[in-house]
Amino acid sequence: MPAALVWFRNDLRLADNPALQAALETGFEPIPVYIPAPHEEGKWAPGAASNAWRHRSLKALSHDLHQRGSRLVVRQGDSSQVLRDLIVESGAQALFWNRKYEPATQPRDAAIKQALRAQGFEVRSCNATLLVEPWDVQTKAGGPYKVFTPFYRNVMASLRARALYDAPTSLPAVPDALKGEGIEMLGLAPRLTWDRGFWDTWTPGETGAHEALDVFIDGALRGYLDQRDLPDRVATSMLSPHLHFGEIAPWRVIAQLEGARTAKLDTDIDGFIRQLVWREFAYHLMHHFPQTVEENLNPRFDGFAWEPATPSKLQAWQRGMTGVPIVDAGMRELWHTGVMHNRVRMIVGSFLTKHLRMHWLEGARWFWDTLVDADLANNTLGWQWIGGTGADAAPYFRVFNPVTQAQKFDPQARYIGRWVPELEALPVKVRFAPWESPELLRQLAPSYPRQPIVDLVQGRQAALAAYAGTG
Ligand code: FAD
């Protein structure tokens, strides 16, 4: 049988993998290939937390391939050159991959496809990542959407169940002559084990992804809609890194939810699918407005008076030492687990872009380096949304009050207590704004900042004044 390269990227799974499936169905013996090429990702080469995840996810994929008689051929270099070398060395007659949508790699992939096809070589790309391709959803006027709700309605109306494919039980062996490098040699795993805390929470890889989905369906799904905003409990699916690395297909997630649907779960399932469609919206925007990974989607903000990023203030935010407990709790959760609850992402984002008035890119870059679910589409959407510069965004004048947000969404201050343990000795109601009880703070939490790095009232007023100046 002729061989075909199957180029793995952000689709680190064997089940529901359309490129692998297509290679097998067209009668090829697949040669699984992985090419780490961060230099081809432009300004958004994967960050440290993402690399730590990828290391483990690749090992899981490699293990799963071995179990089926195949193997992952890993080679570093320029993707185009490595693919050409592998085609020559293996005698492969076709190349299959699943699409990526980032602005830096989309043109690269298009150029590779064009060049190889021009030589008469078979190249096929598939969709492993999205429920709907970004170009398949249009407004009535025929353009891209900038507002979520009509986008969501359109996606839901056009959504069709896709066939599910279990991982193949066996795969052909890859010829020994085809040499590759060990995953350990790629330098993805941190040398100092600062990521130790991550793996209490996470199991990267396809098996971990399927387990996370099962755990969610058996547990937090019930009550998702009411509880998804409460950061002190596991009330969401925790699927975001698995979805980012393509360890599970979004249409399988939906199929399993539909399989579990009962009248009691109706609203929770619908609410969850709505969140999944936010992810589709993020990819839709990134595809149609690729400049927005760096630039404001709303040009009104192009002349906005952002504050220069003062290193001491930025560091206080990054390290969770701002003196505002809910902000500090979120930033420390991120550092320890590689993830942060969605509600708290909004609170810390509002604090950075409004109270501190720093550019949303400062926050986006920090998240990029520290999140295990760092995803260019979702991160850009999240930061432009909270910074008020994006599509269908929280208006800039909506400044989250971190004290009332904490009182509403973490009423027992359990989340604050978990991540800012030096405040645990304080009475619960003092933990939201400890600077208002200076004597208690001095006695019971002496190592915590006495005052927030910005006065919350003045910060809010300064933000509103700067916004008024955008005209
Ligand atoms: P669930 O509530 O279980 O949601 C299921 C899935 O839906 C998620 O896994 C995710 O894929 C998708 N989803 C949920 N909410 C959103 C959303 N608001 N936007 C887009 N997709 C969503 N998400 C990332 O995956 N990567 C990021 O880099 C990222 N950066 C963000 C930055 C900011 C400032 C903000 C406010 C949000 C960001 N998000 C990002 C969105 C959201 O916070 C996470 O997707 C969510 O917290 C993941 O937890 P979960 O899987 O348990 O979510």
# chains A, B, ... in the order shown; residues from 1 in each chain; ligands from 1
call {"tool": "residues_near_ligand", "arguments": {"ligand": "ligand 1", "cutoff": "6 Å", "atoms": "only C-alpha atoms and all ligand atoms", "output": "list in words"}}
result
Thr236, Ser237, Met238, Leu239, Ser240, Leu243, Gln275, Leu276, Trp278, Arg279, His341, Asn342, Arg345, Met346, Gly349, Asp373, Ala374, Asp375, Asn378, Asn379, Gly382 and Trp383 of chain A
call {"tool": "residues_around", "arguments": {"residues": "region 117-125 of chain A", "least_positions_apart": "6", "cutoff": "9 Å", "atoms": "only C-alpha atoms", "output": "short mmCIF file (atom, residue, chain, number, x, y, z; two decimals) with all heavy atoms, in the first residue's frame"}}
result
data_model
loop_
_atom_site.label_atom_id
_atom_site.label_comp_id
_atom_site.auth_asym_id
_atom_site.auth_seq_id
_atom_site.Cartn_x
_atom_site.Cartn_y
_atom_site.Cartn_z
N PRO A 18 -9.97 13.72 11.41
CA PRO A 18 -10.35 13.63 10.00
C PRO A 18 -9.17 13.40 9.05
O PRO A 18 -9.32 12.71 8.04
CB PRO A 18 -11.02 14.98 9.71
CG PRO A 18 -11.46 15.48 11.03
CD PRO A 18 -10.45 14.97 12.02
N ALA A 19 -7.99 13.96 9.36
CA ALA A 19 -6.85 13.76 8.45
C ALA A 19 -6.40 12.30 8.47
O ALA A 19 -6.18 11.69 7.42
CB ALA A 19 -5.70 14.69 8.85
N ALA A 22 -9.04 10.24 6.76
CA ALA A 22 -9.04 10.40 5.30
C ALA A 22 -7.89 9.61 4.68
O ALA A 22 -8.05 8.97 3.63
CB ALA A 22 -8.93 11.88 4.93
N GLN A 93 3.13 9.30 -0.97
CA GLN A 93 2.49 9.84 -2.16
C GLN A 93 1.43 10.89 -1.85
O GLN A 93 0.80 11.42 -2.76
CB GLN A 93 1.86 8.68 -2.95
CG GLN A 93 2.93 7.77 -3.50
CD GLN A 93 2.35 6.62 -4.30
OE1 GLN A 93 1.16 6.61 -4.62
NE2 GLN A 93 3.18 5.65 -4.61
N ALA A 94 1.22 11.13 -0.58
CA ALA A 94 0.20 12.13 -0.22
C ALA A 94 0.51 12.69 1.16
O ALA A 94 1.27 12.10 1.93
CB ALA A 94 -1.19 11.49 -0.23
N LEU A 95 -0.10 13.85 1.41
CA LEU A 95 0.08 14.53 2.69
C LEU A 95 -1.30 14.96 3.19
O LEU A 95 -2.06 15.58 2.44
CB LEU A 95 0.99 15.75 2.49
CG LEU A 95 1.11 16.77 3.62
CD1 LEU A 95 1.69 16.14 4.88
CD2 LEU A 95 2.02 17.93 3.17
N PHE A 96 -1.59 14.62 4.45
CA PHE A 96 -2.87 15.01 5.04
C PHE A 96 -2.60 15.80 6.31
O PHE A 96 -1.68 15.48 7.06
CB PHE A 96 -3.70 13.77 5.43
CG PHE A 96 -4.15 12.95 4.25
CD1 PHE A 96 -3.28 12.06 3.63
CD2 PHE A 96 -5.45 13.04 3.78
CE1 PHE A 96 -3.69 11.29 2.55
CE2 PHE A 96 -5.88 12.29 2.70
CZ PHE A 96 -5.00 11.42 2.08
N TRP A 97 -3.40 16.83 6.55
CA TRP A 97 -3.31 17.51 7.84
C TRP A 97 -4.67 18.09 8.19
O TRP A 97 -5.55 18.21 7.33
CB TRP A 97 -2.23 18.59 7.84
CG TRP A 97 -2.50 19.84 7.04
CD1 TRP A 97 -3.45 20.78 7.29
CD2 TRP A 97 -1.76 20.31 5.90
NE1 TRP A 97 -3.34 21.80 6.38
CE2 TRP A 97 -2.31 21.54 5.51
CE3 TRP A 97 -0.66 19.81 5.19
CZ2 TRP A 97 -1.84 22.28 4.43
CZ3 TRP A 97 -0.18 20.55 4.11
CH2 TRP A 97 -0.77 21.77 3.73
N ASN A 98 -4.80 18.45 9.47
CA ASN A 98 -5.99 19.18 9.94
C ASN A 98 -5.63 20.65 10.05
O ASN A 98 -4.53 20.99 10.48
CB ASN A 98 -6.44 18.62 11.28
CG ASN A 98 -6.98 17.20 11.14
OD1 ASN A 98 -7.84 16.94 10.30
ND2 ASN A 98 -6.42 16.28 11.90
N ARG A 99 -6.56 21.50 9.66
CA ARG A 99 -6.26 22.93 9.54
C ARG A 99 -5.93 23.60 10.87
O ARG A 99 -6.49 23.24 11.90
CB ARG A 99 -7.46 23.66 8.94
CG ARG A 99 -7.51 23.54 7.46
CD ARG A 99 -8.75 24.22 6.89
NE ARG A 99 -9.14 23.41 5.76
CZ ARG A 99 -10.23 22.64 5.68
NH1 ARG A 99 -11.11 22.67 6.60
NH2 ARG A 99 -10.44 21.88 4.65
#
call {"tool": "residues_around", "arguments": {"residues": "region 361-363 of chain A", "least_positions_apart": "4", "cutoff": "10 Å", "atoms": "only C-alpha atoms", "output": "PDB file with N, CA and C atoms, in the first residue's frame"}}
result
ATOM      1  N   VAL A 293      -5.152  40.003  16.501  1.00  0.00           N
ATOM      2  CA  VAL A 293      -4.346  39.360  17.548  1.00  0.00           C
ATOM      3  C   VAL A 293      -3.341  40.360  18.117  1.00  0.00           C
ATOM      4  N   GLU A 294      -3.165  41.481  17.421  1.00  0.00           N
ATOM      5  CA  GLU A 294      -2.252  42.539  17.879  1.00  0.00           C
ATOM      6  C   GLU A 294      -2.949  43.896  17.985  1.00  0.00           C
ATOM      7  N   GLU A 295      -4.002  44.091  17.198  1.00  0.00           N
ATOM      8  CA  GLU A 295      -4.595  45.433  17.100  1.00  0.00           C
ATOM      9  C   GLU A 295      -6.033  45.425  17.599  1.00  0.00           C
ATOM     10  N   ASN A 296      -6.496  46.622  18.020  1.00  0.00           N
ATOM     11  CA  ASN A 296      -7.891  46.729  18.461  1.00  0.00           C
ATOM     12  C   ASN A 296      -8.825  46.378  17.310  1.00  0.00           C
ATOM     13  N   ALA A 309       3.146  50.549  30.818  1.00  0.00           N
ATOM     14  CA  ALA A 309       3.134  49.426  31.765  1.00  0.00           C
ATOM     15  C   ALA A 309       4.252  49.601  32.792  1.00  0.00           C
ATOM     16  N   LEU A 314       2.812  46.101  37.005  1.00  0.00           N
ATOM     17  CA  LEU A 314       2.557  44.915  36.181  1.00  0.00           C
ATOM     18  C   LEU A 314       2.985  43.653  36.938  1.00  0.00           C
ATOM     19  N   TRP A 317       0.595  42.686  39.631  1.00  0.00           N
ATOM     20  CA  TRP A 317      -0.561  41.999  39.038  1.00  0.00           C
ATOM     21  C   TRP A 317      -0.191  40.549  38.684  1.00  0.00           C
ATOM     22  N   GLN A 318       0.930  40.396  38.007  1.00  0.00           N
ATOM     23  CA  GLN A 318       1.337  39.057  37.564  1.00  0.00           C
ATOM     24  C   GLN A 318       1.539  38.110  38.741  1.00  0.00           C
ATOM     25  N   VAL A 348      -9.759  40.005  36.687  1.00  0.00           N
ATOM     26  CA  VAL A 348      -8.344  40.451  36.640  1.00  0.00           C
ATOM     27  C   VAL A 348      -8.079  41.247  35.362  1.00  0.00           C
ATOM     28  N   GLY A 349      -8.813  40.908  34.295  1.00  0.00           N
ATOM     29  CA  GLY A 349      -8.639  41.623  33.022  1.00  0.00           C
ATOM     30  C   GLY A 349      -9.170  43.044  33.110  1.00  0.00           C
ATOM     31  N   SER A 350     -10.320  43.189  33.766  1.00  0.00           N
ATOM     32  CA  SER A 350     -10.896  44.520  33.941  1.00  0.00           C
ATOM     33  C   SER A 350      -9.981  45.357  34.829  1.00  0.00           C
ATOM     34  N   LEU A 352      -6.758  45.137  35.164  1.00  0.00           N
ATOM     35  CA  LEU A 352      -5.544  45.543  34.430  1.00  0.00           C
ATOM     36  C   LEU A 352      -5.846  46.634  33.406  1.00  0.00           C
ATOM     37  N   THR A 353      -6.924  46.439  32.628  1.00  0.00           N
ATOM     38  CA  THR A 353      -7.162  47.360  31.507  1.00  0.00           C
ATOM     39  C   THR A 353      -7.922  48.608  31.927  1.00  0.00           C
ATOM     40  N   PHE A 367      -1.030  35.963  29.944  1.00  0.00           N
ATOM     41  CA  PHE A 367      -1.879  34.771  29.867  1.00  0.00           C
ATOM     42  C   PHE A 367      -1.283  33.779  28.863  1.00  0.00           C
ATOM     43  N   TRP A 368      -0.769  34.322  27.768  1.00  0.00           N
ATOM     44  CA  TRP A 368      -0.226  33.459  26.718  1.00  0.00           C
ATOM     45  C   TRP A 368       0.890  32.578  27.267  1.00  0.00           C
ATOM     46  N   ASN A 379      -8.006  33.738  23.521  1.00  0.00           N
ATOM     47  CA  ASN A 379      -7.331  34.726  24.371  1.00  0.00           C
ATOM     48  C   ASN A 379      -7.525  36.133  23.802  1.00  0.00           C
ATOM     49  N   THR A 380      -7.429  36.254  22.488  1.00  0.00           N
ATOM     50  CA  THR A 380      -7.638  37.562  21.859  1.00  0.00           C
ATOM     51  C   THR A 380      -9.068  38.032  22.091  1.00  0.00           C
ATOM     52  N   TRP A 383      -9.512  39.056  25.836  1.00  0.00           N
ATOM     53  CA  TRP A 383      -8.862  40.316  26.224  1.00  0.00           C
ATOM     54  C   TRP A 383      -9.490  41.510  25.514  1.00  0.00           C
ATOM     55  N   GLN A 384      -9.824  41.350  24.248  1.00  0.00           N
ATOM     56  CA  GLN A 384     -10.462  42.491  23.563  1.00  0.00           C
ATOM     57  C   GLN A 384     -11.858  42.729  24.147  1.00  0.00           C
ATOM     58  N   GLY A 387     -11.287  44.348  27.622  1.00  0.00           N
ATOM     59  CA  GLY A 387     -10.671  45.663  27.434  1.00  0.00           C
ATOM     60  C   GLY A 387     -11.597  46.637  26.717  1.00  0.00           C
TER      61      GLY A 387
END
call {"tool": "atom_distance", "arguments": {"atom1": "CA of Val6 (chain A)", "atom2": "CA of Glu29 (chain A)"}}
result
9.5 Å
call {"tool": "atom_distance", "arguments": {"atom1": "CA of Gly330 (chain A)", "atom2": "CA of Ser57 (chain A)"}}
result
25.4 Å
call {"tool": "closest_residue", "arguments": {"among": "A:Gln76, A:Pro46, A:Ile386, A:Val372", "to": "Met185 (chain A)", "atoms": "only C-alpha atoms"}}
result
A:Gln76
call {"tool": "closest_residue", "arguments": {"among": "A:Trp44, A:Tyr224, A:Ile248, A:Thr470", "to": "Glu211 (chain A)", "atoms": "only C-alpha atoms"}}
result
A:Ile248
call {"tool": "closest_residue", "arguments": {"among": "A:Ile269, A:Ala115, A:Ile347, A:Arg252", "to": "Asp166 (chain A)", "atoms": "only C-alpha atoms"}}
result
A:Arg252
call {"tool": "residues_around", "arguments": {"residues": "region 323-328 of chain A", "least_positions_apart": "6", "cutoff": "7 Å", "atoms": "only C-alpha atoms", "output": "mmCIF file with N, CA and C atoms, in the first residue's frame"}}
result
data_model
loop_
_atom_site.group_PDB
_atom_site.id
_atom_site.type_symbol
_atom_site.label_atom_id
_atom_site.label_comp_id
_atom_site.auth_asym_id
_atom_site.auth_seq_id
_atom_site.Cartn_x
_atom_site.Cartn_y
_atom_site.Cartn_z
ATOM 1 N N ILE A 347 -12.430 39.484 35.864
ATOM 2 C CA ILE A 347 -12.152 40.445 36.951
ATOM 3 C C ILE A 347 -10.707 40.943 36.862
ATOM 4 N N VAL A 348 -9.759 40.005 36.687
ATOM 5 C CA VAL A 348 -8.344 40.451 36.640
ATOM 6 C C VAL A 348 -8.079 41.247 35.362
ATOM 7 N N PRO A 402 -13.983 44.920 41.677
ATOM 8 C CA PRO A 402 -13.499 43.605 42.129
ATOM 9 C C PRO A 402 -14.015 43.221 43.509
ATOM 10 N N ALA A 406 -16.377 39.901 43.891
ATOM 11 C CA ALA A 406 -15.979 38.825 44.821
ATOM 12 C C ALA A 406 -17.122 38.512 45.788
ATOM 13 N N ILE A 416 -10.926 32.965 47.553
ATOM 14 C CA ILE A 416 -9.880 33.883 48.035
ATOM 15 C C ILE A 416 -9.020 33.168 49.077
ATOM 16 N N PHE A 432 -12.795 40.617 51.504
ATOM 17 C CA PHE A 432 -13.041 41.162 50.160
ATOM 18 C C PHE A 432 -12.296 42.481 49.950
ATOM 19 N N ALA A 433 -12.179 43.278 51.028
ATOM 20 C CA ALA A 433 -11.519 44.591 50.922
ATOM 21 C C ALA A 433 -10.750 44.837 52.221
ATOM 22 N N TYR A 448 0.474 40.621 53.837
ATOM 23 C CA TYR A 448 -0.330 41.026 52.677
ATOM 24 C C TYR A 448 -0.253 42.544 52.490
ATOM 25 N N PRO A 449 -0.276 43.055 51.219
ATOM 26 C CA PRO A 449 -0.174 44.508 51.019
ATOM 27 C C PRO A 449 -1.214 45.278 51.852
ATOM 28 N N ARG A 450 -0.756 46.409 52.417
ATOM 29 C CA ARG A 450 -1.634 47.238 53.265
ATOM 30 C C ARG A 450 -2.734 47.913 52.449
ATOM 31 N N GLN A 451 -2.362 48.308 51.210
ATOM 32 C CA GLN A 451 -3.282 49.056 50.344
ATOM 33 C C GLN A 451 -3.238 48.455 48.941
ATOM 34 N N PRO A 452 -4.325 48.533 48.194
ATOM 35 C CA PRO A 452 -4.264 48.117 46.782
ATOM 36 C C PRO A 452 -3.279 49.008 46.006
ATOM 37 N N ILE A 453 -2.712 48.486 44.939
ATOM 38 C CA ILE A 453 -1.741 49.279 44.170
ATOM 39 C C ILE A 453 -2.419 50.442 43.437
#
call {"tool": "residues_around", "arguments": {"residues": "region 199-206 of chain A", "least_positions_apart": "2", "cutoff": "9 Å", "atoms": "only C-alpha atoms", "output": "JSON, numbers by chain"}}
result
{"A": [12, 13, 14, 15, 53, 54, 55, 56, 57, 58, 59, 60, 61, 64, 195, 196, 197, 208, 209, 210, 211, 212, 238, 241, 242, 245, 246, 247, 248, 337]}
call {"tool": "write_last_selection", "arguments": {"atoms": "C-alpha atoms", "output": "PDB file, in the first residue's frame"}}
result
ATOM      1  CA  LEU A  12      -3.228  15.432  19.104  1.00  0.00           C
ATOM      2  CA  ARG A  13      -5.728  12.580  19.015  1.00  0.00           C
ATOM      3  CA  LEU A  14      -6.494   9.367  17.142  1.00  0.00           C
ATOM      4  CA  ALA A  15     -10.289   9.276  17.517  1.00  0.00           C
ATOM      5  CA  TRP A  53       1.292  20.641  28.272  1.00  0.00           C
ATOM      6  CA  ARG A  54       2.347  19.879  24.716  1.00  0.00           C
ATOM      7  CA  HIS A  55       5.279  17.815  25.987  1.00  0.00           C
ATOM      8  CA  ARG A  56       2.926  15.512  27.867  1.00  0.00           C
ATOM      9  CA  SER A  57       0.295  15.478  25.176  1.00  0.00           C
ATOM     10  CA  LEU A  58       2.853  14.432  22.545  1.00  0.00           C
ATOM     11  CA  LYS A  59       4.078  11.684  24.820  1.00  0.00           C
ATOM     12  CA  ALA A  60       0.513  10.457  25.224  1.00  0.00           C
ATOM     13  CA  LEU A  61      -0.027  10.506  21.448  1.00  0.00           C
ATOM     14  CA  ASP A  64      -1.127   5.587  21.798  1.00  0.00           C
ATOM     15  CA  ASP A 195       4.825  23.121  36.511  1.00  0.00           C
ATOM     16  CA  ARG A 196       4.578  20.507  39.301  1.00  0.00           C
ATOM     17  CA  GLY A 197       1.277  21.928  40.589  1.00  0.00           C
ATOM     18  CA  GLY A 208      -7.360  12.604  29.874  1.00  0.00           C
ATOM     19  CA  ALA A 209      -9.661  14.595  27.582  1.00  0.00           C
ATOM     20  CA  HIS A 210     -12.247  11.827  27.388  1.00  0.00           C
ATOM     21  CA  GLU A 211     -12.074  11.351  31.168  1.00  0.00           C
ATOM     22  CA  ALA A 212     -12.592  15.081  31.744  1.00  0.00           C
ATOM     23  CA  MET A 238     -12.205  21.945  32.403  1.00  0.00           C
ATOM     24  CA  PRO A 241      -6.697  22.831  27.139  1.00  0.00           C
ATOM     25  CA  HIS A 242      -7.941  19.519  25.754  1.00  0.00           C
ATOM     26  CA  PHE A 245      -4.593  20.825  21.699  1.00  0.00           C
ATOM     27  CA  GLY A 246      -7.229  18.931  19.779  1.00  0.00           C
ATOM     28  CA  GLU A 247      -7.255  15.999  22.185  1.00  0.00           C
ATOM     29  CA  ILE A 248     -11.016  15.738  21.759  1.00  0.00           C
ATOM     30  CA  THR A 337      -2.509  25.406  38.038  1.00  0.00           C
TER      31      THR A 337
END
call {"tool": "closest_residue", "arguments": {"among": "A:Asp410, A:Asp85, A:Glu258, A:Asp455", "to": "Phe351 (chain A)", "atoms": "only C-alpha atoms"}}
result
A:Asp455
call {"tool": "closest_residue", "arguments": {"among": "A:Met286, A:Ile217, A:Ala45, A:Ala235", "to": "Ala260 (chain A)", "atoms": "only C-alpha atoms"}}
result
A:Ile217
call {"tool": "select_by_dssp", "arguments": {"residues": "region 251-314 of chain A", "states": "helix (DSSP H, G or I)", "output": "MDAnalysis selection string"}}
result
chainID A and resid 251:259 263:288 290:293 299:303 311:314
call {"tool": "residues_around", "arguments": {"residues": "Met340 (chain A)", "least_positions_apart": "3", "cutoff": "9 Å", "atoms": "only C-alpha atoms", "output": "list of chain:residue names"}}
result
A:Pro231, A:Gly330, A:Met331, A:Arg332, A:Glu333, A:Leu334, A:Trp335, A:Thr337, A:Arg343, A:Val344, A:Arg345, A:Leu371
call {"tool": "closest_residue", "arguments": {"among": "A:Leu159, A:Ala329, A:Leu230, A:Leu221", "to": "Gly271 (chain A)", "atoms": "only C-alpha atoms"}}
result
A:Leu221
call {"tool": "atom_distance", "arguments": {"atom1": "CA of Asp176 (chain A)", "atom2": "CA of Ala4 (chain A)"}}
result
15.7 Å
call {"tool": "residues_around", "arguments": {"residues": "Ala425 (chain A)", "least_positions_apart": "3", "cutoff": "9 Å", "atoms": "only C-alpha atoms", "output": "number ranges by chain"}}
result
A: 421-422, 428, 444-445
